[in-house]
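*Asks:* Here it is, the structure in full.
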Amino acid sequence: MAQRVVEPVESVRRREAATPLQLVWWKFSQHRLAVAGAVAIVVLYSIALFADFLAPYSPHHRTGQPYAPPQVPHWRTEDGWTLRPHVYALRGQLDSRTFRRVYVPDTSRSYPVRFFVRGHSYRLFGLLETDVHLFGTPDGGSIYLMGTDQLGRDVFSRVIYGARVSLTIGLVGVAISLVLGILLGGLSGYFGGWTDMLIQRLIEILLSFPSIPLWMALAAALPEHWSPLTVYFGITVILSFIGWTNLARVVRGRFLSLRNEDFIVAARLSGSSELRIIRKHLLPSFMSHIIASVTLSIPGMILAETSLSFLGIGLRPPVISWGVLLQDAQNIHAVAMAPWLMLPGLFVVVAVLAFNFVGDGLRDAADPYAITGP
Amino acid sequence: MWPYIGRRVLYMIPTLIVISIISFVLIQLPPGDFLSSYMATLAASGDHVDAALEAALRRRYGLDQPIYVQYFKWVSGMLRGDFGYSFEWNRPVSQLIGERLALTMVVSASSLLFAWMVALPIGVISAVRQYSFFDYFFTFIGFIGLAVPNFVLALVLMYTANRYLGVSVGGLFSAEYADAPWSIGKVIDLLKHLWIPIVIVGTAGTAGLIRITRANLLDELRKPYVETARAKGIKEWRLILKYPVRVALNPFISTIGFIFPQMVAGEVVTSVVLSLPTTGPLLLRALLSQDMYLAGSFVFLLAALTVIGVLISDILLAWLDPRIRYD
């Protein structure tokens with residue numbers, strides 16, 4: 001019987017001709033959760049970038065209505081559905097049980113929500129002076145999408161501004177960890193022997209410290225009189241103290257396994273200097289793994305900053321971050337009276353989940369030539 | 001086996017020494033010391049600050065000695081079981097920590113057990129029924145447990161328990177039992193309050209364990225011996241439980257190593273929120289007031305316990321899996 005030659009299908013031909021980057025991208029886009037996470041991250045960072053535009057109120061502005069409940073925009077009036085949303089006014093009244101002043105929606109009065117309204121002025125990207133905000137209630141009234149806190153500040157605006165600090169602190173910390181991790185992991189893996197053992201023991205010791213007590217001790221060591229910005233940088237350095245260990249381990253593992261590969265030996269034999277080998281051959285082979293590890297350590301940093309600020313030893317007011325905002329929700333009394341104060345926690349969860357998903361997707365896609373799956 | 005254990009124990013000694021040095025340095029990092037911050041608070045509240053008194057106190061507590069002398073005094077005391085004296089509480093450190101350490105261990109150990117008992121079945125079922133609704137659902141829940149910061153979960157649970165279940169929250173005991181001597185009633189009361197911290201601290205560990213179990217089991221299930229066993233006619237569930245699950249249990253033992261410090265750390269934040277009488281709030285206060293012996297001994301103890309925990313988990317793993325011994 002003659003053998004039938006099977007023509008490769010178009011998709012197989014495309015796959016064989018694709019560059020590694022294209023393969024990584026394809027593999028990544030197959031992972032639906034990772035793509036969703038990537039979208040969420042882009043959204044979050046855009047929110048942080050355009051914070052001034054998106055926030056209806058200045059984050060330090062006290063509206064005089066403390067502990068106001070969230071005002072949800074409605075799209076329905078008595079006449080039916082309308083395209084222009086409106087919010088009900090807030091009316092203050094004395095709660096009969098607690099004798100505190102609480103605010104309840106007053107369904108008899110409502111204010112239309114308009115878009116691109118003029119509000120407090122700010123500098124867009126630090127350059128253009130403008131005062132246009134995405135939405136607001138220009139005809140009076142208020143729009144507290146997430147209620148107000150104890151001092152009457154709009155929580156929604158504060159969450160948006162807090163995104164700036166919370167999301168960037170992870171990036172700076174991770175950058176430092178990256179440098180430290182690659183350096184020490186590379187030294188450890190490349191030279192082996194005593195250097196390796198020493199660095200490995202150091203990593204073990206650092207890893208065996210429970211992280212929060214270590215951070216607490218370091219954060220409590222930051223002098224109180226430092227400006228908020230220096231405290232911010234101090235905290236990122238502290239956070240990267242532990243973050244680099246995981247990265248160093250990954251780098252070391254890859255170095256060790258790659259060191260004896262044929263193409264490295266060939267490069268060495270043909271006279272490349274060690275530095276050239278590291279730069280041109282070793283680094284590109286594990287770049288993708290590094291990126292995956294780095295992405296997976298960002299949520300750890302966000303969580304750490306949030307926990308520290310929550311305990312009161314991280315960032316402090318007037319700096320706004322999600323952890324500082326959650327400080328207001330620290331006890332059962334505040335939470336029972338104003339549960340909307342816990343909403344910044346939701347943002348933390350979304351950010352951490354998004355980074356975890358993206359990191360997972362990157363890790364699965366990192367080695368596009370590996371065969372996985374059944 | 002014994003040479004392996006011997007080697008590990010020998011490695012532990014320099015590790016502990018370095019940890020003690022690091023703990024001591026950590027405590028000394030903030031400028032000044034306990035006496036200076038104490039005097040500052042006195043001066044701020046308008047009390048008369050006597051320089052001679054301060055010098056005398058300094059001599060008495062040994063704070064005027066150079067750093068390395070203080071360090072050696074501390075370490076030699078620790079070797080004798082004397083962890084020093086807490087300036088703030090005016091009691092021996094060993095007494096303070098001992099009271100709380102027992103409860104901390106109870107919370108951490110039960111959280112670990114909770115994490116295992118939840119993660120193992122979920123991981124197994126997720127792997128066996130891969131890509132099913134069950135798989136996706138529980139993977140997602142696991143992720144939520146990973147992503148939600150411990151204290152947010154603590155707050156939310158506190159709020160729901162208080163509002164919808166009417167359970168008295170905060171602390172490990174209700175008011176009646178707080179100072180009472182131990183009895184069955186007190187134990188039951190403890191159990192009633194314990195579930196919140198256990199769930200909170202356990203969920204973070206659960207997520208990681210589910211993922212690891214699922215991944216390992218998936219790898220095992222593809223191996224040829226599973227096919228063979230199936231071909232020979234063993235019932236599916238019996239087959240899965242007898243062989244692949246045993247192999248997939250490996251990471252459970254080895255992750256005690258780094259799950260343990262995570263749990264101790266996670267437990268710190270949770271107990272501050274829930275005001276549990278465990279080590280967390282005590283540590284926070286000690287660090288903030290620079291109570292040197294208390295904070296230093298605390299950090300050292302937590303780190304040392306972690307190292308010992310890692311050692312135990314490594315020994316257990318070596319006992320389970322002979323391949324590791326010839327590392």
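Identifiers in this document derive from the order of the structure tokens: chains are assigned A, B, ..., residues are numbered from 1 separately in each chain, and ligands are numbered from 1 in order of occurrence.
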Contacts between chain B and chain A, please, where a residue of chain A counts if it comes within 8 Å (with only C-alpha atoms); show its shortest atom pair and distance in Å to one decimal, rows by chain and ascending number, as CSV.
*Replies:*
```
residue,atom,partner,partner_atom,distance
A:Arg201,CA,B:Thr15,CA,7.9
A:Ile205,CA,B:Thr15,CA,6.5
A:Leu207,CA,B:Phe258,CA,7.7
A:Ser208,CA,B:Thr306,CA,5.8
A:Phe209,CA,B:Ala303,CA,4.8
A:Pro210,CA,B:Pro261,CA,4.5
A:Ser211,CA,B:Ala265,CA,6.0
A:Ile212,CA,B:Ala265,CA,5.0
A:Pro213,CA,B:Ala265,CA,6.6
A:Leu214,CA,B:Val299,CA,7.7
A:Met216,CA,B:Leu284,CA,7.3
A:Ala217,CA,B:Leu287,CA,6.1
A:Leu218,CA,B:Leu26,CA,6.7
A:Ala220,CA,B:Leu288,CA,6.1
A:Ala221,CA,B:Pro30,CA,4.2
A:Leu222,CA,B:Pro30,CA,6.7
A:Pro223,CA,B:Pro30,CA,6.9
A:Pro299,CA,B:Ala147,CA,7.9
A:Leu303,CA,B:Pro149,CA,6.2
A:Ser307,CA,B:Val269,CA,7.3
A:Leu311,CA,B:Val269,CA,7.6
A:Ala329,CA,B:Leu155,CA,8.0
A:Gln330,CA,B:Val273,CA,6.8
A:Asn331,CA,B:Val273,CA,7.1
A:Ile332,CA,B:Tyr159,CA,6.8
A:Val335,CA,B:Tyr159,CA,7.0
A:Ala336,CA,B:Tyr159,CA,6.6
A:Met342,CA,B:Val152,CA,7.5
A:Gly345,CA,B:Val152,CA,6.2
A:Val348,CA,B:Val148,CA,7.4
A:Val349,CA,B:Val148,CA,5.1
A:Val350,CA,B:Ala147,CA,7.8
A:Val352,CA,B:Ala147,CA,5.4
A:Leu353,CA,B:Ala147,CA,5.6
A:Pro374,CA,B:Arg222,CA,7.6
```
*Asks:* Contacts of Leu229 (chain A) at 12 Å or less, counting only C-alpha atoms, minus same-chain residues fewer than 4 places along, as a VMD selection string?
*Replies:* chain A and resid 165 169 225 233 to 236 314 to 320
*Asks:* With a distance cut-off of 10 Å and only C-alpha atoms, select the neighbouring residues of Ser110 (chain B), excluding the residue or stretch itself and same-chain residues fewer than 6 positions from it, and output the selection as number ranges by chain.
*Replies:* B: 104, 116, 194-195, 197-199, 201-202
*Asks:* Write to file, as a PDB file, in the first residue's frame, the residues of the selection just made, with C-alpha atoms.
*Replies:*
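Saved result, selection29.pdb, follows:
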```
ATOM      1  CA  THR B 104      -0.583  31.231  69.122  1.00  0.00           C
ATOM      2  CA  TRP B 116      -4.739  20.615  54.782  1.00  0.00           C
ATOM      3  CA  LEU B 194     -11.559  29.965  67.219  1.00  0.00           C
ATOM      4  CA  TRP B 195     -13.219  29.317  63.896  1.00  0.00           C
ATOM      5  CA  PRO B 197      -9.097  33.122  63.011  1.00  0.00           C
ATOM      6  CA  ILE B 198      -8.666  29.580  61.715  1.00  0.00           C
ATOM      7  CA  VAL B 199     -10.724  30.277  58.610  1.00  0.00           C
ATOM      8  CA  VAL B 201      -5.391  32.290  58.444  1.00  0.00           C
ATOM      9  CA  GLY B 202      -6.168  28.967  56.821  1.00  0.00           C
TER      10      GLY B 202
END
```
*Asks:* From the list A:Leu145, A:Ile242, A:Ile313, A:Val179, which residue is nearest Trp340 (chain A) when using only C-alpha atoms?
*Replies:*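 Looking only at the distances to Trp340 (chain A), the closest residue turns out to be A:Leu145.
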*Asks:* Quick one: distance from CA of Val250 (chain A) to CA of Leu275 (chain A) in Å, one decimal?
*Replies:*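 Distance between the two atoms: 19.9 Å.
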*Asks:* Could you please write out, as an MDAnalysis selection string, every residue of region 219-325 of chain A that DSSP assigns to helix (DSSP H, G or I)?
*Replies:* chainID A and resid 219:220 228:259 262:269 274:311 322:325
*Asks:* Can you list, as a count of residues only, every protein, DNA or RNA residue that comes within 9 Å of Ser309 (chain A) when you count only C-alpha atoms, leaving out same-chain residues fewer than 6 positions away?
*Replies:* 9
*Asks:* Quick one: DSSP strand (DSSP E or B) residues in region 34-137 of chain A, as a count of residues only?
*Replies:* 51
*Asks:* Any idea what the distance is between CA of Ser86 (chain B) and CA of Leu35 (chain B)?
*Replies:*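 According to the coordinates, CA of Ser86 (chain B) and CA of Leu35 (chain B) are separated by 12.0 Å.
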*Asks:* Compile the contact shell of region 78-94 of chain A as a PyMOL selection string: residues with an atom at most 6 Å away, counting only C-alpha atoms, same-chain residues fewer than 4 positions apart removed.
*Replies:* chain A and resi 73-74+99-107+109-113
*Asks:* Create the file for the chosen residues now, containing N, CA and C atoms and written as an mmCIF file, in the first residue's frame.
*Replies:*
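Everything below was put into part19.cif:
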```cif
data_model
loop_
_atom_site.group_PDB
_atom_site.id
_atom_site.type_symbol
_atom_site.label_atom_id
_atom_site.label_comp_id
_atom_site.auth_asym_id
_atom_site.auth_seq_id
_atom_site.Cartn_x
_atom_site.Cartn_y
_atom_site.Cartn_z
ATOM 1 N N PRO A 73 -26.303 56.014 41.463
ATOM 2 C CA PRO A 73 -27.052 56.734 40.433
ATOM 3 C C PRO A 73 -28.211 55.870 39.921
ATOM 4 N N HIS A 74 -29.333 56.520 39.686
ATOM 5 C CA HIS A 74 -30.494 55.793 39.184
ATOM 6 C C HIS A 74 -30.790 56.207 37.758
ATOM 7 N N PHE A 99 -28.826 58.100 68.458
ATOM 8 C CA PHE A 99 -28.733 59.554 68.610
ATOM 9 C C PHE A 99 -27.559 60.136 67.864
ATOM 10 N N ARG A 100 -27.241 59.490 66.740
ATOM 11 C CA ARG A 100 -26.191 60.059 65.902
ATOM 12 C C ARG A 100 -26.831 60.630 64.659
ATOM 13 N N ARG A 101 -26.105 61.506 64.023
ATOM 14 C CA ARG A 101 -26.608 62.095 62.802
ATOM 15 C C ARG A 101 -26.301 61.157 61.651
ATOM 16 N N VAL A 102 -27.335 60.636 61.012
ATOM 17 C CA VAL A 102 -27.107 59.785 59.851
ATOM 18 C C VAL A 102 -27.759 60.442 58.635
ATOM 19 N N TYR A 103 -27.249 60.041 57.479
ATOM 20 C CA TYR A 103 -27.766 60.613 56.244
ATOM 21 C C TYR A 103 -28.543 59.550 55.491
ATOM 22 N N VAL A 104 -29.744 59.877 55.072
ATOM 23 C CA VAL A 104 -30.547 58.929 54.312
ATOM 24 C C VAL A 104 -30.925 59.560 52.984
ATOM 25 N N PRO A 105 -31.131 58.742 51.970
ATOM 26 C CA PRO A 105 -31.524 59.307 50.675
ATOM 27 C C PRO A 105 -32.911 59.942 50.770
ATOM 28 N N ASP A 106 -33.012 61.090 50.174
ATOM 29 C CA ASP A 106 -34.279 61.817 50.160
ATOM 30 C C ASP A 106 -34.864 61.664 48.781
ATOM 31 N N THR A 107 -35.846 60.764 48.635
ATOM 32 C CA THR A 107 -36.328 60.446 47.292
ATOM 33 C C THR A 107 -37.129 61.572 46.675
ATOM 34 N N ARG A 109 -36.090 64.686 46.414
ATOM 35 C CA ARG A 109 -35.211 65.583 45.664
ATOM 36 C C ARG A 109 -34.150 64.756 44.970
ATOM 37 N N SER A 110 -33.858 65.145 43.735
ATOM 38 C CA SER A 110 -32.769 64.430 43.073
ATOM 39 C C SER A 110 -31.992 65.405 42.219
ATOM 40 N N TYR A 111 -30.752 65.088 42.006
ATOM 41 C CA TYR A 111 -29.888 65.943 41.222
ATOM 42 C C TYR A 111 -29.396 65.177 40.018
ATOM 43 N N PRO A 112 -29.406 65.770 38.844
ATOM 44 C CA PRO A 112 -28.916 65.058 37.660
ATOM 45 C C PRO A 112 -27.402 64.944 37.697
ATOM 46 N N VAL A 113 -26.923 63.835 37.197
ATOM 47 C CA VAL A 113 -25.487 63.614 37.097
ATOM 48 C C VAL A 113 -25.059 63.979 35.688
#
```
*Asks:* Could you give me, as an MDAnalysis selection string, the residues within 12 Å of Arg8 (chain B), counting only C-alpha atoms and dropping anything in the same chain fewer than 5 positions from it?
*Replies:* chainID B and resid 1:3 13:15 307:308 310:315 318 325 327
*Asks:* Could those residues be written to a file, using N, CA and C atoms, as a CSV table (one decimal), in the first residue's frame?
*Replies:*
```csv
chain,number,residue,atom,x,y,z
B,1,MET,N,19.9,7.9,57.0
B,1,MET,CA,18.8,8.8,57.6
B,1,MET,C,19.5,9.6,58.7
B,2,TRP,N,20.2,9.0,59.6
B,2,TRP,CA,20.7,9.7,60.8
B,2,TRP,C,21.8,10.7,60.3
B,3,PRO,N,22.7,10.4,59.4
B,3,PRO,CA,23.6,11.4,58.9
B,3,PRO,C,22.9,12.6,58.4
B,13,ILE,N,22.6,25.4,63.6
B,13,ILE,CA,23.2,26.2,64.7
B,13,ILE,C,23.7,27.6,64.2
B,14,PRO,N,24.6,27.6,63.1
B,14,PRO,CA,24.9,28.9,62.6
B,14,PRO,C,23.7,29.8,62.2
B,15,THR,N,22.7,29.1,61.6
B,15,THR,CA,21.5,29.8,61.2
B,15,THR,C,20.9,30.5,62.4
B,307,VAL,N,12.5,28.0,61.8
B,307,VAL,CA,13.7,27.2,61.4
B,307,VAL,C,13.5,25.8,61.8
B,308,ILE,N,13.0,25.6,63.1
B,308,ILE,CA,12.8,24.3,63.6
B,308,ILE,C,11.7,23.6,62.8
B,310,VAL,N,10.9,24.2,59.7
B,310,VAL,CA,11.4,23.7,58.5
B,310,VAL,C,12.2,22.5,58.6
B,311,LEU,N,13.0,22.4,59.7
B,311,LEU,CA,13.8,21.2,59.9
B,311,LEU,C,12.9,20.0,60.1
B,312,ILE,N,11.9,20.1,60.9
B,312,ILE,CA,11.0,19.0,61.1
B,312,ILE,C,10.3,18.6,59.8
B,313,SER,N,9.9,19.6,59.0
B,313,SER,CA,9.3,19.2,57.7
B,313,SER,C,10.2,18.5,56.8
B,314,ASP,N,11.5,19.0,56.8
B,314,ASP,CA,12.5,18.4,55.9
B,314,ASP,C,12.8,16.9,56.4
B,315,ILE,N,12.8,16.7,57.7
B,315,ILE,CA,13.1,15.4,58.2
B,315,ILE,C,11.9,14.5,57.8
B,318,ALA,N,12.1,13.6,54.2
B,318,ALA,CA,13.2,12.6,53.9
B,318,ALA,C,12.7,11.3,54.4
B,325,ARG,N,17.2,11.9,50.6
B,325,ARG,CA,18.3,11.8,51.5
B,325,ARG,C,19.7,11.9,50.9
B,327,ASP,N,20.8,13.8,48.8
B,327,ASP,CA,21.0,15.1,48.2
B,327,ASP,C,22.4,15.6,48.3
```
*Asks:* Which polymer residues have any atom within 10 Å of an atom of region 45-61 of chain A, counting only C-alpha atoms, with same-chain residues fewer than 3 positions away left out, as number ranges by chain?
*Replies:* A: 40-42, 64, 116-125, 130-137, 142-145, 151-168, 318, 320, 351
